[in-house]
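Undergrad: Structure file structure-v3.pdb (PDB, C-alpha atoms) is given on the next line.
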ATOM      1  CA  MET A 867      33.789-131.316 162.097
ATOM      2  CA  PHE A 868      31.426-134.253 161.879
ATOM      3  CA  GLU A 869      27.683-133.727 162.001
ATOM      4  CA  PRO A 870      25.258-135.663 164.235
ATOM      5  CA  HIS A 871      24.033-138.819 162.505
ATOM      6  CA  GLU A 872      26.617-138.494 159.727
ATOM      7  CA  GLY A 873      27.335-141.592 157.644
ATOM      8  CA  THR A 874      25.064-144.535 156.911
ATOM      9  CA  LEU A 875      25.606-148.184 157.852
ATOM     10  CA  GLN A 876      24.111-151.251 156.217
ATOM     11  CA  LEU A 877      22.630-153.094 159.206
ATOM     12  CA  LYS A 878      20.380-156.165 159.062
ATOM     13  CA  HIS A 879      18.410-155.451 162.247
ATOM     14  CA  GLU A 880      16.373-152.521 163.513
ATOM     15  CA  PHE A 881      17.245-150.748 166.784
ATOM     16  CA  GLN A 882      14.351-152.401 168.655
ATOM     17  CA  LYS A 883      15.546-155.887 167.679
ATOM     18  CA  ALA A 884      19.073-155.093 168.940
ATOM     19  CA  TYR A 885      17.700-153.586 172.152
ATOM     20  CA  ASN A 886      15.449-156.605 172.804
ATOM     21  CA  TRP A 887      18.332-159.012 172.103
ATOM     22  CA  LEU A 888      20.504-157.193 174.633
ATOM     23  CA  GLU A 889      17.704-157.223 177.226
ATOM     24  CA  LYS A 890      17.330-160.976 176.785
ATOM     25  CA  TYR A 891      21.050-161.712 177.040
ATOM     26  CA  ARG A 892      21.848-158.888 179.532
ATOM     27  CA  SER A 893      25.139-157.288 178.656
ATOM     28  CA  SER A 894      26.867-158.792 175.688
ATOM     29  CA  GLY A 895      30.640-159.037 175.144
ATOM     30  CA  LEU A 896      31.496-158.264 171.531
ATOM     31  CA  ILE A 897      34.497-157.469 169.327
ATOM     32  CA  THR A 898      34.748-154.894 166.526
ATOM     33  CA  LYS A 899      36.270-155.798 163.157
ATOM     34  CA  SER A 900      39.519-154.124 164.273
ATOM     35  CA  GLY A 901      39.650-156.398 167.360
ATOM     36  CA  THR A 902      38.454-154.001 170.081
ATOM     37  CA  SER A 903      36.538-155.772 172.860
ATOM     38  CA  PHE A 904      33.481-154.030 174.264
ATOM     39  CA  ILE A 905      30.239-154.694 176.095
ATOM     40  CA  ALA A 906      26.844-153.510 174.860
ATOM     41  CA  LYS A 907      24.039-152.862 177.359
ATOM     42  CA  ALA A 908      20.376-151.959 176.924
ATOM     43  CA  ASN A 909      19.252-149.144 179.223
ATOM     44  CA  ILE A 910      16.761-146.300 179.584
ATOM     45  CA  THR A 911      18.232-142.786 179.508
ATOM     46  CA  GLN A 912      18.032-141.075 182.913
ATOM     47  CA  LYS A 913      18.789-137.441 182.013
ATOM     48  CA  GLY A 914      19.319-135.009 179.165
ATOM     49  CA  PRO A 915      17.367-134.456 175.956
ATOM     50  CA  HIS A 916      16.701-138.201 175.505
ATOM     51  CA  THR A 917      15.340-138.799 179.048
ATOM     52  CA  GLY A 918      13.130-141.879 179.140
ATOM     53  CA  GLU A 919      14.270-143.186 175.754
ATOM     54  CA  LYS A 920      15.810-146.585 175.105
ATOM     55  CA  VAL A 921      19.571-146.478 174.618
ATOM     56  CA  ILE A 922      22.277-149.006 173.804
ATOM     57  CA  ARG A 923      25.471-148.212 175.724
ATOM     58  CA  PHE A 924      28.868-149.333 174.423
ATOM     59  CA  MET A 925      31.321-149.951 177.268
ATOM     60  CA  GLN A 926      35.070-150.642 177.495
ATOM     61  CA  ASP A 927      36.813-151.260 180.831
ATOM     62  CA  ASN A 928      33.579-150.415 182.708
ATOM     63  CA  LYS A 929      33.490-146.963 181.074
ATOM     64  CA  GLU A 930      30.927-145.799 178.542
ATOM     65  CA  TYR A 931      32.628-144.966 175.262
ATOM     66  CA  ALA A 932      29.520-144.314 173.188
ATOM     67  CA  ARG A 933      25.765-144.721 173.052
ATOM     68  CA  ALA A 934      23.130-145.216 170.378
ATOM     69  CA  TYR A 935      19.543-144.041 170.567
ATOM     70  CA  GLU A 936      16.971-145.247 168.065
ATOM     71  CA  CYS A 937      17.545-142.088 165.994
ATOM     72  CA  CYS A 938      21.294-142.905 165.821
ATOM     73  CA  TRP A 939      21.005-146.579 164.849
ATOM     74  CA  GLY A 940      22.299-147.208 161.338
ATOM     75  CA  ARG A 941      24.539-144.119 161.406
ATOM     76  CA  TYR A 942      28.296-143.908 161.805
ATOM     77  CA  TYR A 943      28.076-140.987 164.271
ATOM     78  CA  ASN A 944      25.504-140.535 167.049
ATOM     79  CA  CYS A 945      23.676-137.401 168.269
ATOM     80  CA  ASN A 946      26.797-136.294 170.159
ATOM     81  CA  ARG A 947      29.058-136.796 167.107
ATOM     82  CA  THR A 948      30.679-139.847 168.715
ATOM     83  CA  ARG A 949      31.687-142.693 166.385
ATOM     84  CA  ILE A 950      29.344-145.649 166.925
ATOM     85  CA  GLY A 951      29.460-147.388 163.552
ATOM     86  CA  MET A 952      31.974-150.058 164.541
ATOM     87  CA  TYR A 953      29.979-150.916 167.675
ATOM     88  CA  CYS A 954      26.622-151.035 165.869
ATOM     89  CA  THR A 955      28.072-153.233 163.125
ATOM     90  CA  ALA A 956      29.543-155.717 165.633
ATOM     91  CA  LEU A 957      26.293-155.878 167.613
ATOM     92  CA  ASP A 958      24.184-156.239 164.471
ATOM     93  CA  SER A 959      26.374-159.146 163.310
ATOM     94  CA  ALA A 960      26.009-160.946 166.655
ATOM     95  CA  ILE A 961      22.193-160.947 166.650
ATOM     96  CA  VAL A 962      20.696-164.295 165.667
TER
END
Could you take the file, read its structure, and then write that structure out as structure tokens?

TA:
Amino acid sequence: MFEPHEGTLQLKHEFQKAYNWLEKYRSSGLITKSGTSFIAKANITQKGPHTGEKVIRFMQDNKEYARAYECCWGRYYNCNRTRIGMYCTALDSAIV
């Protein structure tokens, strides 16, 4: 079983920079290295242990597949043990 925040990514940008970029450009259509299309959105968490925190949501077909909080950024797995590394890497590469 994978642990929360397992695995480390080499990202160029901090979470706040990615969040601000997404706020400026609204939702952003991106593609992972394996060719999966997704949309990243900047939001504020509405419920649960991260209520009120900034979150980046990774969407496919209008459904949330994963999310990254600041504590998850730069990790391959998030707090919920969901793989986010491929989404974070694609988003990080798109930021100018």

Undergrad: Residue by residue, what does the PyMOL selection byres ((chain A and resi 935) around 7) grab here? Present the result as a PDB file with C-alpha atoms, in the coordinates of the input.

TA:
ATOM      1  CA  LYS A 920      15.810-146.585 175.105  1.00  0.00           C
ATOM      2  CA  VAL A 921      19.571-146.478 174.618  1.00  0.00           C
ATOM      3  CA  ILE A 922      22.277-149.006 173.804  1.00  0.00           C
ATOM      4  CA  ARG A 933      25.765-144.721 173.052  1.00  0.00           C
ATOM      5  CA  ALA A 934      23.130-145.216 170.378  1.00  0.00           C
ATOM      6  CA  GLU A 936      16.971-145.247 168.065  1.00  0.00           C
ATOM      7  CA  CYS A 937      17.545-142.088 165.994  1.00  0.00           C
ATOM      8  CA  CYS A 938      21.294-142.905 165.821  1.00  0.00           C
ATOM      9  CA  TRP A 939      21.005-146.579 164.849  1.00  0.00           C
TER      10      TRP A 939
END

Undergrad: Applied to the shown file, which residues does the PyMOL selection byres ((chain A and resi 897-912) around 8) return, written as a ChimeraX atom specification?

TA: /A:885-886,888-889,892-896,913-914,916-927,952-953,955-957

Undergrad: Go ahead and save the residues from that selection, with C-alpha atoms, as a JSON list (two decimals), in the coordinates of the input.

TA:
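Output below, filename out-v6.json:
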[["chain", "number", "residue", "atom", "x", "y", "z"],
["A", 885, "TYR", "CA", 17.70, -153.59, 172.15],
["A", 886, "ASN", "CA", 15.45, -156.60, 172.80],
["A", 888, "LEU", "CA", 20.50, -157.19, 174.63],
["A", 889, "GLU", "CA", 17.70, -157.22, 177.23],
["A", 892, "ARG", "CA", 21.85, -158.89, 179.53],
["A", 893, "SER", "CA", 25.14, -157.29, 178.66],
["A", 894, "SER", "CA", 26.87, -158.79, 175.69],
["A", 895, "GLY", "CA", 30.64, -159.04, 175.14],
["A", 896, "LEU", "CA", 31.50, -158.26, 171.53],
["A", 913, "LYS", "CA", 18.79, -137.44, 182.01],
["A", 914, "GLY", "CA", 19.32, -135.01, 179.16],
["A", 916, "HIS", "CA", 16.70, -138.20, 175.50],
["A", 917, "THR", "CA", 15.34, -138.80, 179.05],
["A", 918, "GLY", "CA", 13.13, -141.88, 179.14],
["A", 919, "GLU", "CA", 14.27, -143.19, 175.75],
["A", 920, "LYS", "CA", 15.81, -146.58, 175.10],
["A", 921, "VAL", "CA", 19.57, -146.48, 174.62],
["A", 922, "ILE", "CA", 22.28, -149.01, 173.80],
["A", 923, "ARG", "CA", 25.47, -148.21, 175.72],
["A", 924, "PHE", "CA", 28.87, -149.33, 174.42],
["A", 925, "MET", "CA", 31.32, -149.95, 177.27],
["A", 926, "GLN", "CA", 35.07, -150.64, 177.50],
["A", 927, "ASP", "CA", 36.81, -151.26, 180.83],
["A", 952, "MET", "CA", 31.97, -150.06, 164.54],
["A", 953, "TYR", "CA", 29.98, -150.92, 167.68],
["A", 955, "THR", "CA", 28.07, -153.23, 163.12],
["A", 956, "ALA", "CA", 29.54, -155.72, 165.63],
["A", 957, "LEU", "CA", 26.29, -155.88, 167.61]]

Undergrad: Which of these residues is nearest to A:Ser959, using only C-alpha atoms: A:Met867, A:Cys945, A:Ala932, A:Leu877?

TA: A:Leu877

Undergrad: Kindly give the distance, in Å, that separates atom CA of A:Phe868 and atom CA of A:Ala884, rounded to a single decimal.

TA: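 Interatomic distance, atom CA of A:Phe868 to atom CA of A:Ala884: 25.2 Å.
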
Undergrad: Which value, in Å to one decimal, gives the distance between atom CA of A:Arg947 and atom CA of A:His871?

TA: 7.1 Å

Undergrad: With all atoms listed in the file as the basis for distance, which of A:Asn928, A:Val962, A:Asn946, A:Lys890 is at the shortest distance from A:Pro915?

TA: A:Asn946

Undergrad: To one decimal place, how far is atom CA of A:Lys878 from atom CA of A:Lys929 in Å?

TA: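 According to the coordinates, atom CA of A:Lys878 and atom CA of A:Lys929 are separated by 27.2 Å.
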
Undergrad: Enclose all atoms of stretch 897-916 of chain A listed in the file in an axis-aligned box, grow every side by 3 Å, and hand back centre and edge lengths in Å to one decimal, as lines of an AutoDock Vina configuration file.

TA:
center_x = 28.2
center_y = -146.0
center_z = 173.0
size_x = 28.9
size_y = 29.0
size_z = 25.8

Undergrad: Which neighbours of A:Gly951 fall inside 7 Å, counting all atoms listed in the file, when residues of the same chain fewer than 4 positions from it are skipped, and could you give them as a PyMOL selection string?

TA: chain A and resi 875+941-943+955

Undergrad: Smallest atom-to-atom distance to A:Thr874: which of A:Thr948, A:Cys954, A:Ile961, A:Gly940, using all atoms listed in the file?

TA: A:Gly940

Undergrad: Counting all atoms listed in the file, which residue out of A:Gln882, A:Arg949, A:Glu930, A:Trp887 sits closest to A:Glu869?

TA: A:Arg949

Undergrad: Write stretch 944-957 of chain A as a short mmCIF file (atom, residue, chain, number, x, y, z; two decimals), keeping the file's coordinate frame, completed to N, CA and C atoms.

TA:
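Printed below is part_1.cif as written:
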data_model
loop_
_atom_site.label_atom_id
_atom_site.label_comp_id
_atom_site.auth_asym_id
_atom_site.auth_seq_id
_atom_site.Cartn_x
_atom_site.Cartn_y
_atom_site.Cartn_z
N ASN A 944 26.75 -140.70 166.31
CA ASN A 944 25.50 -140.54 167.05
C ASN A 944 25.13 -139.05 167.20
N CYS A 945 24.14 -138.77 168.04
CA CYS A 945 23.68 -137.40 168.27
C CYS A 945 24.78 -136.49 168.79
N ASN A 946 25.72 -137.06 169.55
CA ASN A 946 26.80 -136.29 170.16
C ASN A 946 28.06 -136.26 169.30
N ARG A 947 27.95 -136.74 168.06
CA ARG A 947 29.06 -136.80 167.11
C ARG A 947 30.15 -137.79 167.53
N THR A 948 29.76 -138.79 168.30
CA THR A 948 30.68 -139.85 168.72
C THR A 948 30.57 -140.99 167.72
N ARG A 949 31.71 -141.57 167.33
CA ARG A 949 31.69 -142.69 166.38
C ARG A 949 31.04 -143.91 167.05
N ILE A 950 30.02 -144.46 166.41
CA ILE A 950 29.34 -145.65 166.92
C ILE A 950 29.26 -146.74 165.87
N GLY A 951 29.64 -146.45 164.66
CA GLY A 951 29.46 -147.39 163.55
C GLY A 951 30.08 -148.75 163.79
N MET A 952 31.30 -148.78 164.32
CA MET A 952 31.97 -150.06 164.54
C MET A 952 31.28 -150.88 165.61
N TYR A 953 30.70 -150.21 166.62
CA TYR A 953 29.98 -150.92 167.68
C TYR A 953 28.63 -151.45 167.15
N CYS A 954 27.92 -150.61 166.42
CA CYS A 954 26.62 -151.04 165.87
C CYS A 954 26.79 -152.21 164.91
N THR A 955 27.82 -152.16 164.09
CA THR A 955 28.07 -153.23 163.12
C THR A 955 28.38 -154.55 163.84
N ALA A 956 29.21 -154.51 164.89
CA ALA A 956 29.54 -155.72 165.63
C ALA A 956 28.31 -156.28 166.33
N LEU A 957 27.52 -155.44 166.93
CA LEU A 957 26.29 -155.88 167.61
C LEU A 957 25.32 -156.46 166.60
#
